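Asks: The structure follows.
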Amino acid sequence: MKKLGLLALLVWPALAASSPAQVLCVDGAEIRVHHEDGALSHLAAAKAWIGRAGRAVSRYYGHFPVPVMDLRLVAVPGRGVESGTQFHRRPPLVRVLVGRDTDRAGFRDDWVLVHEMVHTAFPALPRGQRWLEEGLAVYVESIARMRDGELSADHVWSEFLGRMPAGTPRPGDRGLDHDHRWARIYWGGAFFALVADVRIRRRTRDRLGLEDALRAILRAKEAGTRRADARRVLQLGDEATGTRVLIELYEQMALNPGGPDLPAFFRNLGVSTTHGGVRYDGHAPLAAERRAIEAGDVRRLKRSRGVISR
């Protein structure tokens, strides 16, 4: 999420392997936890937090994206999870700044770790296409945590309704590949992912969703496709769903100004804000796709094997 300078990019991956680690096994994957600047005050709560994040990501992709991941927890003063960074290396390294006194409630509210874990499932793209990496991570983090019971549907749709408008184009915009504002990168990219998910479900009559495209991209990454262009990566996703949704949407939102009408899109999904929270219209044109996104396909989920430390 938070990008570091060149020196940090060179130094942190080298340091991670040298510190002692506790290994947590999450759905068959090893998460090697390294501590820096002393241990956290609530280690049991931290372990449960890592396990929940790993299981949410594993549930979305069908398995944890990588067999081994280094997780470096940097203890800082205070409470709460502050920021994180994922480094594309083998094995991937995720570095997270955590308040030393963060307790169970503080970890429960965190989204950063799931976001960074999602990055391990996607290849590194050229800098100008960073919006696709970050936008997908924002979207998948929300959907994965909702499906795993960490977030309510009301919370997710309220966040999308409130934050995605900041990611819409301004006058003179030339597309996501050319606009590097923070909101465009994160929330413009997340809107791309939401629209893609709905369109894939619409065209496949809810047989498939965005997760099927992303799982295919992950399989290609596992086979050795590590750095790629967005168009090639999205073509892999389209091949998996038998559609051209991702390429068509990329050409519409990344290479050209404008994009889908966001207010109209939410109306068609049947979600709107009220003084009391979120209102749902079950008769809206895309209400069935919205419900499918919320539920996922439970028939394809693996049974969780839990978290084991050693």
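Here's how to read the names in the structure tokens: chain A, B, ... by the order shown, residue numbers from 1 in each chain, ligand numbers from 1 in the order shown.
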Set the distance at 8 Å and use only C-alpha atoms: which residues neighbour segment 112-129 of chain A once local chain neighbours fewer than 3 positions away are removed? I'd like the list as an MDAnalysis selection string.

Replies: chainID A and resid 1 50 53:54 56:57 65:66 81:86 88 92 94 96 132:134 137:138 140:141 176:178 180 214 217:218 221 225:230

Asks: Would you mind writing down, as a PyMOL selection string, each residue of segment 154-197 of chain A that DSSP on the backbone assigns to helix (DSSP H, G or I)?

Replies: chain A and resi 154-167+182-197

Asks: Could you pull out the residues in segment 93-296 of chain A that DSSP calls strand (DSSP E or B) from the backbone, as a list in words?

Replies: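 Here is the list: Leu93, Val94, Arg95, Val96, Leu97, Val98, Gly99, Ala124, Arg227, Val271, Ser272, Thr273, Thr274, Gly277, Val278, Arg279 and Tyr280 of chain A.
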
Asks: Take the residues just selected and output them with N, CA and C atoms as a PDB file, in the first residue's frame.

Replies:
ATOM      1  N   LEU A  93       7.487 -10.547   0.355  1.00  0.00           N
ATOM      2  CA  LEU A  93       7.650  -9.941   1.666  1.00  0.00           C
ATOM      3  C   LEU A  93       6.581  -8.888   1.859  1.00  0.00           C
ATOM      4  N   VAL A  94       5.860  -8.966   2.967  1.00  0.00           N
ATOM      5  CA  VAL A  94       4.906  -7.926   3.361  1.00  0.00           C
ATOM      6  C   VAL A  94       5.427  -7.297   4.645  1.00  0.00           C
ATOM      7  N   ARG A  95       5.519  -5.982   4.664  1.00  0.00           N
ATOM      8  CA  ARG A  95       5.994  -5.251   5.827  1.00  0.00           C
ATOM      9  C   ARG A  95       4.858  -4.373   6.334  1.00  0.00           C
ATOM     10  N   VAL A  96       4.509  -4.515   7.618  1.00  0.00           N
ATOM     11  CA  VAL A  96       3.382  -3.784   8.189  1.00  0.00           C
ATOM     12  C   VAL A  96       3.823  -3.069   9.454  1.00  0.00           C
ATOM     13  N   LEU A  97       3.485  -1.789   9.576  1.00  0.00           N
ATOM     14  CA  LEU A  97       3.733  -1.020  10.788  1.00  0.00           C
ATOM     15  C   LEU A  97       2.535  -1.184  11.721  1.00  0.00           C
ATOM     16  N   VAL A  98       2.804  -1.690  12.941  1.00  0.00           N
ATOM     17  CA  VAL A  98       1.742  -2.002  13.886  1.00  0.00           C
ATOM     18  C   VAL A  98       2.010  -1.299  15.209  1.00  0.00           C
ATOM     19  N   GLY A  99       1.004  -0.639  15.759  1.00  0.00           N
ATOM     20  CA  GLY A  99       1.134  -0.039  17.079  1.00  0.00           C
ATOM     21  C   GLY A  99       1.439  -1.107  18.115  1.00  0.00           C
ATOM     22  N   ALA A 124       3.561  -7.963 -10.869  1.00  0.00           N
ATOM     23  CA  ALA A 124       3.961  -6.559 -10.869  1.00  0.00           C
ATOM     24  C   ALA A 124       3.736  -5.967 -12.250  1.00  0.00           C
ATOM     25  N   ARG A 227       6.341 -10.327 -14.212  1.00  0.00           N
ATOM     26  CA  ARG A 227       6.132  -8.915 -14.584  1.00  0.00           C
ATOM     27  C   ARG A 227       5.515  -8.882 -15.970  1.00  0.00           C
ATOM     28  N   VAL A 271     -28.376  -0.241  -4.743  1.00  0.00           N
ATOM     29  CA  VAL A 271     -27.835   0.226  -3.465  1.00  0.00           C
ATOM     30  C   VAL A 271     -27.810   1.751  -3.465  1.00  0.00           C
ATOM     31  N   SER A 272     -28.196   2.328  -2.350  1.00  0.00           N
ATOM     32  CA  SER A 272     -28.164   3.775  -2.191  1.00  0.00           C
ATOM     33  C   SER A 272     -28.017   4.084  -0.710  1.00  0.00           C
ATOM     34  N   THR A 273     -27.550   5.282  -0.422  1.00  0.00           N
ATOM     35  CA  THR A 273     -27.366   5.682   0.974  1.00  0.00           C
ATOM     36  C   THR A 273     -28.637   6.334   1.503  1.00  0.00           C
ATOM     37  N   THR A 274     -28.894   6.117   2.796  1.00  0.00           N
ATOM     38  CA  THR A 274     -29.989   6.771   3.503  1.00  0.00           C
ATOM     39  C   THR A 274     -29.430   7.314   4.809  1.00  0.00           C
ATOM     40  N   GLY A 277     -28.270   4.404   6.848  1.00  0.00           N
ATOM     41  CA  GLY A 277     -27.268   3.465   6.335  1.00  0.00           C
ATOM     42  C   GLY A 277     -27.423   3.221   4.845  1.00  0.00           C
ATOM     43  N   VAL A 278     -27.670   1.964   4.456  1.00  0.00           N
ATOM     44  CA  VAL A 278     -27.754   1.582   3.050  1.00  0.00           C
ATOM     45  C   VAL A 278     -29.150   1.034   2.762  1.00  0.00           C
ATOM     46  N   ARG A 279     -29.720   1.453   1.653  1.00  0.00           N
ATOM     47  CA  ARG A 279     -31.021   0.949   1.205  1.00  0.00           C
ATOM     48  C   ARG A 279     -30.801   0.026   0.013  1.00  0.00           C
ATOM     49  N   TYR A 280     -31.509  -1.086  -0.015  1.00  0.00           N
ATOM     50  CA  TYR A 280     -31.378  -2.063  -1.089  1.00  0.00           C
ATOM     51  C   TYR A 280     -32.682  -2.160  -1.882  1.00  0.00           C
TER      52      TYR A 280
END

Asks: Please identify every residue of segment 146-224 of chain A that has at least one atom no farther than 7 Å from an atom of segment 256-261 of chain A, counting only C-alpha atoms, and for each give the shortest atom pair and the distance in Å to one decimal, arranged by chain then increasing number, as JSON lines.

Replies:
{"residue": "A:Pro169", "atom": "CA", "partner": "A:Gly258", "partner_atom": "CA", "distance": 6.1}
{"residue": "A:Asp173", "atom": "CA", "partner": "A:Pro257", "partner_atom": "CA", "distance": 5.4}
{"residue": "A:Arg174", "atom": "CA", "partner": "A:Pro257", "partner_atom": "CA", "distance": 4.5}
{"residue": "A:Gly175", "atom": "CA", "partner": "A:Asn256", "partner_atom": "CA", "distance": 4.7}

Asks: Here is a test: counting only C-alpha atoms, which residue of A:Asp37, A:Asp110, A:Asp238, A:Asp148 is nearest to Ala213 of chain A?

Replies: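 Closest to Ala213 of chain A of all the choices is A:Asp238.
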
Asks: Rounded to one decimal in Å, what is the spacing between atom CA of Arg201 of chain A and atom CA of Ser142 of chain A?

Replies: 18.1 Å

Asks: Please provide as a list in words all residues within 10 Å of Leu286 of chain A, with the sequence filter that same-chain residues fewer than 4 positions apart are discarded (counting only C-alpha atoms).

Replies: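 So, after excluding close chain neighbours, the residues are Val198, Arg199, Arg201, Arg202, Phe265, Phe266, Arg267, Asn268, Leu269, Gly270, Val271, Asp281, Gly282, Arg290 and Arg291 of chain A.
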
Asks: So which residues touch Glu211 of chain A within 7 Å, counting only C-alpha atoms, skipping near sequence neighbours fewer than 4 positions away, as number ranges by chain?

Replies: A: 60-61, 215

Asks: Store the residues picked out above, limited to C-alpha atoms, as an mmCIF file, in the first residue's frame.

Replies:
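result_32.cif was written with the following content:
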data_model
loop_
_atom_site.group_PDB
_atom_site.id
_atom_site.type_symbol
_atom_site.label_atom_id
_atom_site.label_comp_id
_atom_site.auth_asym_id
_atom_site.auth_seq_id
_atom_site.Cartn_x
_atom_site.Cartn_y
_atom_site.Cartn_z
ATOM 1 C CA TYR A 60 -11.392 -15.729 -2.191
ATOM 2 C CA TYR A 61 -8.702 -17.354 -4.347
ATOM 3 C CA ARG A 215 -7.513 -17.096 -10.098
#

Asks: Calculate how many Å separate atom CA of Glu150 of chain A from atom CA of Asp103 of chain A, rounding to one decimal.

Replies: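 So the two atoms, atom CA of Glu150 of chain A and atom CA of Asp103 of chain A, lie 16.4 Å apart.
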
Asks: Here is a test: counting only C-alpha atoms, which residue of A:Trp131, A:Asp212, A:His155, A:Leu161 is nearest to Trp182 of chain A?

Replies: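 Counting only C-alpha atoms, the residue closest to Trp182 of chain A is A:Trp131.
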